[in-house]
Each structure stands twice: as structure tokens, then as C-alpha cells.
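Data block below; observations after.
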Amino acid sequence: MFILQTPRRKRAKEEAEKPFWISFSDLMTALMVLFLVAMAVALMVVTQGLRSIEDKRKDREESIMACIADMDKVARRPEFRGVKISGQTIDFGPLAEFKKNGNQLSEDRMEFLRAFIPEVLDVARTPKCSKWLRRYVVEGFASQEGSYLHNLNLSLERSQRVLCVLLDTSAADAPSLSDRKTIRQQFLVGGSSFNSAIANQPEKSRRVTLRLEFKELRKECLPTDAACQADDAPPIPWDDDFRCPVQSR
């Protein structure tokens, strides 16, 4: 009686190969699952990051709008009639106009500035403003009468005159020490010649405005980022010299 052994060897070979193919299939499945999990985590991180940036952007816009709205309420008071806020610029209108070729302000206009600016600073100290408000720029303007460079210098003198008025400690209504420190730290001066002249109204072109600058939305402040570091400028050393260097004319 003969016994055939060939089929038995074939089954043994198949049984030996099956565990290998099953483990490889499981490995591929596991890798696919890990890949899907990694993708899901990455998408979640990206989504959360975008949501965080969007929330910060929305908070910045709402805070700035609320800050400007509160300043607009101050500008609408009867004693400050004539002040207008357009965007991020406070236009003093006739309350801060200068004479032709002059950098001096009348007494009533100086009193107005000493009364109005502290009110603006009080609003700026509220959380909604202080979080994003970076600095103020006093911008002087000139009419189209005269040469370009002469008017540019005149515009700068008018901006500086405003700071001289606000920092004059000899005035009876001088701002408080805290306000003067804020003015020295956060107020800058700028000038324009014919850039923003009002057509056919030279008297209204001889003016100053106060522009508000707010911090930009940034992920982080790196030591090498000069623009970002400027948001937290070091305090200006205090001195007791309040003489105005602008020659009156």
C-alpha cells in the first residue's frame, strides 16, 4: 500500500506562509491608523491655532473700536465742541488752529488742549485701550502759502508747540505729573507741508491733529524684532527742564 506525502508538504508550506501575510496586513493597518491619528492631531492643532489668531484679531478690533468710541464721547461734550474723530485721528478743528506763518496758540486754545488731552489719557488708561494703544502722533500742517521746506519746518514747530503747551508746569491748569510723564513717553511729533492742505481754506490748513497708533497683532515678540520691541519702549529719563525750544513767531 502506497501513501502519498506530497499534499501534506504543500499544506505545511501554506500554513508556514499564512502567519507572515497576516502580520504584514496588520502592520499596514496599524500604520494607516497611526497616520490618520497623526493627521487628525495636526489638523486639530492647526485649527486651534487659527481659531486663537482669529479670536485675538477680533478682540483687537473690538477693543480698538470701543476705545475710539469712548474718546468720541469725550469729544462730543459741549466744552469740546469742534473736535471730530475720524478713524484713528482726533481733529481739533478750529480749537487748535494757528495764524499765518505762526507757531503760537492763543490762550483759549492752550486752555482747551490742557483740558482735553488729560481726558483722552484717562480713556487711554482703561483696559480696552491700554491693551492695544501704542502711542500718539501730534501732526502739524500748513497751508499752501510759502515754500515747501519752510512749511514743513513750520508744521513741525506747530507740533512741538502743542507739547510745549502740555508740558508747561508754570500754567495754572497744567496737566498732572502722571499725565506729563505719559505725554513725554508716548507722544511723538510729525509734520506735513502741502500733503493735507484743505483746498481754498488756508486758515483751516494751519492746524494740528492727534493720531492714535495701536499695536499690531503678533504671535510673539522676538528680541531681534525691532518693530515689536518698539511697542515696549524703555521709559524716557525724567528731567526738570520745561523750557520750550521753539522760537515764537
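Naming works like this for the C-alpha cells: A, B, ... for the chains as they're shown, residue 1 at the start of each chain, ligands 1 onward in shown order.
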
Per DSSP on the backbone, filter range 62-177 of chain A down to the residues in helix (DSSP H, G or I) and report them as a ChimeraX atom specification.
-> /A:62-75,78-80,93-96,107-124,127-130,148-167,177

Go through range 138-217 of chain A residue by residue and, counting only C-alpha atoms, keep those with an atom at most 12 Å from range 115-128 of chain A; for each kept residue give the shortest atom pair and its distance in Å to one decimal, ordered by chain and increasing number, as CSV.
```
residue,atom,partner,partner_atom,distance
A:Val138,CA,A:Ile117,CA,11.5
A:Val162,CA,A:Ile117,CA,10.5
A:Leu163,CA,A:Ile117,CA,10.7
A:Val165,CA,A:Ile117,CA,10.9
A:Leu166,CA,A:Ile117,CA,8.2
A:Leu167,CA,A:Ile117,CA,11.4
A:Ala171,CA,A:Ala115,CA,11.9
A:Ala172,CA,A:Ala115,CA,11.5
A:Asp173,CA,A:Ala115,CA,7.8
A:Ala174,CA,A:Ala115,CA,8.7
A:Pro175,CA,A:Pro118,CA,6.7
A:Ser176,CA,A:Pro118,CA,8.3
A:Leu177,CA,A:Pro118,CA,10.9
A:Ser178,CA,A:Pro118,CA,9.7
A:Asp179,CA,A:Pro118,CA,6.5
A:Arg180,CA,A:Pro118,CA,9.1
A:Lys181,CA,A:Leu121,CA,11.1
A:Thr182,CA,A:Leu121,CA,8.1
A:Ile183,CA,A:Leu121,CA,8.8
A:Gln186,CA,A:Leu121,CA,10.5
A:Phe187,CA,A:Leu121,CA,11.1
A:Thr209,CA,A:Ile117,CA,11.8
A:Leu210,CA,A:Ile117,CA,9.7
A:Arg211,CA,A:Val120,CA,11.9
A:Leu212,CA,A:Ala124,CA,10.2
A:Glu213,CA,A:Ala124,CA,11.7
A:Phe214,CA,A:Ala124,CA,11.2
```

Write out, as a compact mmCIF listing (two decimals), in the first residue's frame, the residues just selected, with C-alpha atoms.
```txt
# COMPACT_ATOMS: atom_id res chain seq x y z
CA VAL A 138 0.91 115.03 17.03
CA VAL A 162 1.45 121.51 21.38
CA LEU A 163 3.87 119.50 23.52
CA VAL A 165 1.77 123.75 25.98
CA LEU A 166 1.02 120.38 27.58
CA LEU A 167 4.33 120.18 29.47
CA ALA A 171 0.44 127.11 33.67
CA ALA A 172 -2.31 127.23 36.29
CA ASP A 173 -4.17 124.40 34.58
CA ALA A 174 -1.11 122.28 33.78
CA PRO A 175 -1.75 118.54 33.43
CA SER A 176 -0.87 116.31 36.37
CA LEU A 177 2.59 114.83 36.79
CA SER A 178 1.27 111.43 35.72
CA ASP A 179 -0.20 112.91 32.54
CA ARG A 180 3.01 114.77 31.74
CA LYS A 181 5.04 111.58 32.11
CA THR A 182 2.66 109.79 29.74
CA ILE A 183 2.92 112.65 27.24
CA GLN A 186 4.06 108.22 24.28
CA PHE A 187 3.69 111.46 22.28
CA THR A 209 -4.24 116.68 14.77
CA LEU A 210 -3.63 113.78 17.14
CA ARG A 211 -3.29 110.37 15.52
CA LEU A 212 -3.62 107.20 17.59
CA GLU A 213 -1.33 104.29 16.80
CA PHE A 214 -2.24 100.81 18.01
```

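Shortest atom-to-atom contact with His150 in chain A among A:Ser86, A:Ser205, A:Asn101, A:Thr47: A:Asn101, counting only C-alpha atoms.
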
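Residue nearest Ser63 in chain A within the list A:Leu133, A:Ile236, A:Val189, A:Ala38: A:Leu133 [criterion: smallest interatomic distance, only C-alpha atoms].
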
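You can rank A:Arg114, A:Lys215, A:Arg51, A:Arg158 by their closest distance to Phe80 in chain A using only C-alpha atoms, and at the top of that list sits A:Arg114.
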
DSSP strand (DSSP E) residues within range 53-246 of chain A, as a PDB file with N, CA and C atoms, in the first residue's frame:
```
ATOM      1  N   LYS A  84     -13.444 116.510  16.256  1.00  0.00           N
ATOM      2  CA  LYS A  84     -14.006 115.402  15.492  1.00  0.00           C
ATOM      3  C   LYS A  84     -13.012 114.252  15.449  1.00  0.00           C
ATOM      4  N   ILE A  85     -13.546 113.045  15.532  1.00  0.00           N
ATOM      5  CA  ILE A  85     -12.713 111.850  15.435  1.00  0.00           C
ATOM      6  C   ILE A  85     -13.046 111.133  14.145  1.00  0.00           C
ATOM      7  N   SER A  86     -12.035 110.986  13.301  1.00  0.00           N
ATOM      8  CA  SER A  86     -12.201 110.314  12.019  1.00  0.00           C
ATOM      9  C   SER A  86     -11.241 109.142  11.968  1.00  0.00           C
ATOM     10  N   THR A  89      -7.845 109.240  14.042  1.00  0.00           N
ATOM     11  CA  THR A  89      -7.291 110.592  14.133  1.00  0.00           C
ATOM     12  C   THR A  89      -8.275 111.518  14.840  1.00  0.00           C
ATOM     13  N   ILE A  90      -7.761 112.256  15.811  1.00  0.00           N
ATOM     14  CA  ILE A  90      -8.553 113.261  16.516  1.00  0.00           C
ATOM     15  C   ILE A  90      -8.229 114.614  15.893  1.00  0.00           C
ATOM     16  N   ASP A  91      -9.216 115.208  15.253  1.00  0.00           N
ATOM     17  CA  ASP A  91      -9.049 116.504  14.586  1.00  0.00           C
ATOM     18  C   ASP A  91      -9.602 117.580  15.514  1.00  0.00           C
ATOM     19  N   LEU A 133      -3.249 100.259  22.673  1.00  0.00           N
ATOM     20  CA  LEU A 133      -2.756 101.582  22.302  1.00  0.00           C
ATOM     21  C   LEU A 133      -1.241 101.645  22.458  1.00  0.00           C
ATOM     22  N   ARG A 134      -0.583 102.050  21.399  1.00  0.00           N
ATOM     23  CA  ARG A 134       0.883 102.085  21.394  1.00  0.00           C
ATOM     24  C   ARG A 134       1.414 103.478  21.675  1.00  0.00           C
ATOM     25  N   ARG A 135       0.961 104.487  20.918  1.00  0.00           N
ATOM     26  CA  ARG A 135       1.472 105.838  21.089  1.00  0.00           C
ATOM     27  C   ARG A 135       0.565 106.824  20.357  1.00  0.00           C
ATOM     28  N   TYR A 136       0.888 108.118  20.518  1.00  0.00           N
ATOM     29  CA  TYR A 136       0.159 109.205  19.865  1.00  0.00           C
ATOM     30  C   TYR A 136       1.148 109.973  18.976  1.00  0.00           C
ATOM     31  N   VAL A 137       0.654 110.458  17.864  1.00  0.00           N
ATOM     32  CA  VAL A 137       1.484 111.273  16.982  1.00  0.00           C
ATOM     33  C   VAL A 137       0.792 112.613  16.783  1.00  0.00           C
ATOM     34  N   VAL A 138       1.429 113.684  17.252  1.00  0.00           N
ATOM     35  CA  VAL A 138       0.914 115.034  17.034  1.00  0.00           C
ATOM     36  C   VAL A 138       1.392 115.481  15.658  1.00  0.00           C
ATOM     37  N   GLU A 139       0.474 115.670  14.745  1.00  0.00           N
ATOM     38  CA  GLU A 139       0.831 116.015  13.368  1.00  0.00           C
ATOM     39  C   GLU A 139       0.458 117.461  13.077  1.00  0.00           C
ATOM     40  N   GLY A 140       1.455 118.230  12.666  1.00  0.00           N
ATOM     41  CA  GLY A 140       1.222 119.624  12.304  1.00  0.00           C
ATOM     42  C   GLY A 140       1.053 119.772  10.806  1.00  0.00           C
ATOM     43  N   PHE A 187       4.029 110.488  23.323  1.00  0.00           N
ATOM     44  CA  PHE A 187       3.689 111.456  22.276  1.00  0.00           C
ATOM     45  C   PHE A 187       4.889 111.692  21.369  1.00  0.00           C
ATOM     46  N   LEU A 188       4.647 111.610  20.068  1.00  0.00           N
ATOM     47  CA  LEU A 188       5.658 111.926  19.066  1.00  0.00           C
ATOM     48  C   LEU A 188       5.159 113.104  18.231  1.00  0.00           C
ATOM     49  N   VAL A 189       6.084 113.737  17.532  1.00  0.00           N
ATOM     50  CA  VAL A 189       5.695 114.866  16.681  1.00  0.00           C
ATOM     51  C   VAL A 189       5.972 114.523  15.226  1.00  0.00           C
ATOM     52  N   GLY A 190       5.132 115.037  14.351  1.00  0.00           N
ATOM     53  CA  GLY A 190       5.308 114.866  12.913  1.00  0.00           C
ATOM     54  C   GLY A 190       4.820 116.110  12.204  1.00  0.00           C
ATOM     55  N   GLY A 191       5.237 116.279  10.971  1.00  0.00           N
ATOM     56  CA  GLY A 191       4.832 117.467  10.219  1.00  0.00           C
ATOM     57  C   GLY A 191       4.576 117.155   8.769  1.00  0.00           C
ATOM     58  N   VAL A 208      -3.279 121.300  13.839  1.00  0.00           N
ATOM     59  CA  VAL A 208      -2.635 120.076  14.318  1.00  0.00           C
ATOM     60  C   VAL A 208      -3.722 119.028  14.579  1.00  0.00           C
ATOM     61  N   THR A 209      -3.346 117.781  14.448  1.00  0.00           N
ATOM     62  CA  THR A 209      -4.235 116.675  14.775  1.00  0.00           C
ATOM     63  C   THR A 209      -3.483 115.696  15.666  1.00  0.00           C
ATOM     64  N   LEU A 210      -4.226 114.806  16.286  1.00  0.00           N
ATOM     65  CA  LEU A 210      -3.629 113.784  17.144  1.00  0.00           C
ATOM     66  C   LEU A 210      -4.016 112.412  16.594  1.00  0.00           C
ATOM     67  N   ARG A 211      -3.031 111.685  16.111  1.00  0.00           N
ATOM     68  CA  ARG A 211      -3.286 110.367  15.520  1.00  0.00           C
ATOM     69  C   ARG A 211      -2.923 109.274  16.518  1.00  0.00           C
ATOM     70  N   LEU A 212      -3.829 108.318  16.674  1.00  0.00           N
ATOM     71  CA  LEU A 212      -3.617 107.205  17.588  1.00  0.00           C
ATOM     72  C   LEU A 212      -2.995 106.039  16.827  1.00  0.00           C
ATOM     73  N   GLU A 213      -1.952 105.466  17.387  1.00  0.00           N
ATOM     74  CA  GLU A 213      -1.329 104.286  16.795  1.00  0.00           C
ATOM     75  C   GLU A 213      -1.510 103.109  17.746  1.00  0.00           C
ATOM     76  N   PHE A 214      -1.982 101.993  17.202  1.00  0.00           N
ATOM     77  CA  PHE A 214      -2.240 100.805  18.012  1.00  0.00           C
ATOM     78  C   PHE A 214      -1.250  99.698  17.659  1.00  0.00           C
TER      79      PHE A 214
END
```

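Distance check against Ile64 in chain A using only C-alpha atoms: of A:Phe35, A:Tyr148, A:Trp132, A:Phe92, the minimum falls on A:Trp132.
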
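In terms of minimum interatomic distance to Gln144 in chain A, A:Ser192 ranks closest within A:Leu156, A:Glu97, A:Arg109, A:Ser192, counting only C-alpha atoms.
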
Would you pick out the contacts of Leu217 in chain A at 8 Å or less, using only C-alpha atoms, so that residues sharing its chain but fewer than 2 positions from it are not included, and give the list as an mmCIF file with N, CA and C atoms, in the first residue's frame?
```
data_model
loop_
_atom_site.group_PDB
_atom_site.id
_atom_site.type_symbol
_atom_site.label_atom_id
_atom_site.label_comp_id
_atom_site.auth_asym_id
_atom_site.auth_seq_id
_atom_site.Cartn_x
_atom_site.Cartn_y
_atom_site.Cartn_z
ATOM 1 N N LYS A 56 -7.944 86.561 18.753
ATOM 2 C CA LYS A 56 -7.120 87.716 19.103
ATOM 3 C C LYS A 56 -7.387 88.890 18.160
ATOM 4 N N ARG A 57 -7.528 88.573 16.873
ATOM 5 C CA ARG A 57 -7.814 89.628 15.897
ATOM 6 C C ARG A 57 -9.154 90.289 16.197
ATOM 7 N N ARG A 60 -8.821 92.431 19.293
ATOM 8 C CA ARG A 60 -8.111 93.678 18.996
ATOM 9 C C ARG A 60 -9.042 94.678 18.333
ATOM 10 N N LYS A 215 -1.030 98.818 18.600
ATOM 11 C CA LYS A 215 -0.107 97.712 18.407
ATOM 12 C C LYS A 215 -0.655 96.738 17.374
ATOM 13 N N LYS A 219 2.270 87.089 16.981
ATOM 14 C CA LYS A 219 2.279 85.825 17.700
ATOM 15 C C LYS A 219 3.178 85.909 18.925
#
```

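The spacing separating CA of Arg184 in chain A from CA of Ser170 in chain A amounts to 16.8 Å.
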
Which polymer residues have any atom within 10 Å of an atom of Lys100 in chain A, counting only C-alpha atoms, with same-chain residues fewer than 6 positions away left out, as a short mmCIF file (atom, residue, chain, number, x, y, z; two decimals) with N, CA and C atoms, in the first residue's frame?
```
data_model
loop_
_atom_site.label_atom_id
_atom_site.label_comp_id
_atom_site.auth_asym_id
_atom_site.auth_seq_id
_atom_site.Cartn_x
_atom_site.Cartn_y
_atom_site.Cartn_z
N ALA A 142 0.33 122.76 7.38
CA ALA A 142 0.50 124.14 6.92
C ALA A 142 -0.30 124.33 5.64
N SER A 143 -0.63 125.55 5.34
CA SER A 143 -1.33 125.86 4.10
C SER A 143 -0.35 125.84 2.93
N GLU A 145 0.58 128.30 1.19
CA GLU A 145 1.29 129.58 1.05
C GLU A 145 2.73 129.40 1.55
N PRO A 202 -7.12 128.09 3.54
CA PRO A 202 -5.78 128.07 4.12
C PRO A 202 -5.79 128.18 5.64
N GLU A 203 -6.75 128.91 6.20
CA GLU A 203 -6.78 129.08 7.66
C GLU A 203 -7.05 127.74 8.37
N SER A 205 -6.07 124.89 7.19
CA SER A 205 -4.93 124.02 6.94
C SER A 205 -3.82 124.23 7.97
N ARG A 206 -3.85 125.36 8.68
CA ARG A 206 -2.83 125.67 9.69
C ARG A 206 -3.30 125.08 11.02
N ARG A 249 6.77 132.81 16.89
CA ARG A 249 6.59 133.71 15.76
C ARG A 249 5.12 133.70 15.34
#
```
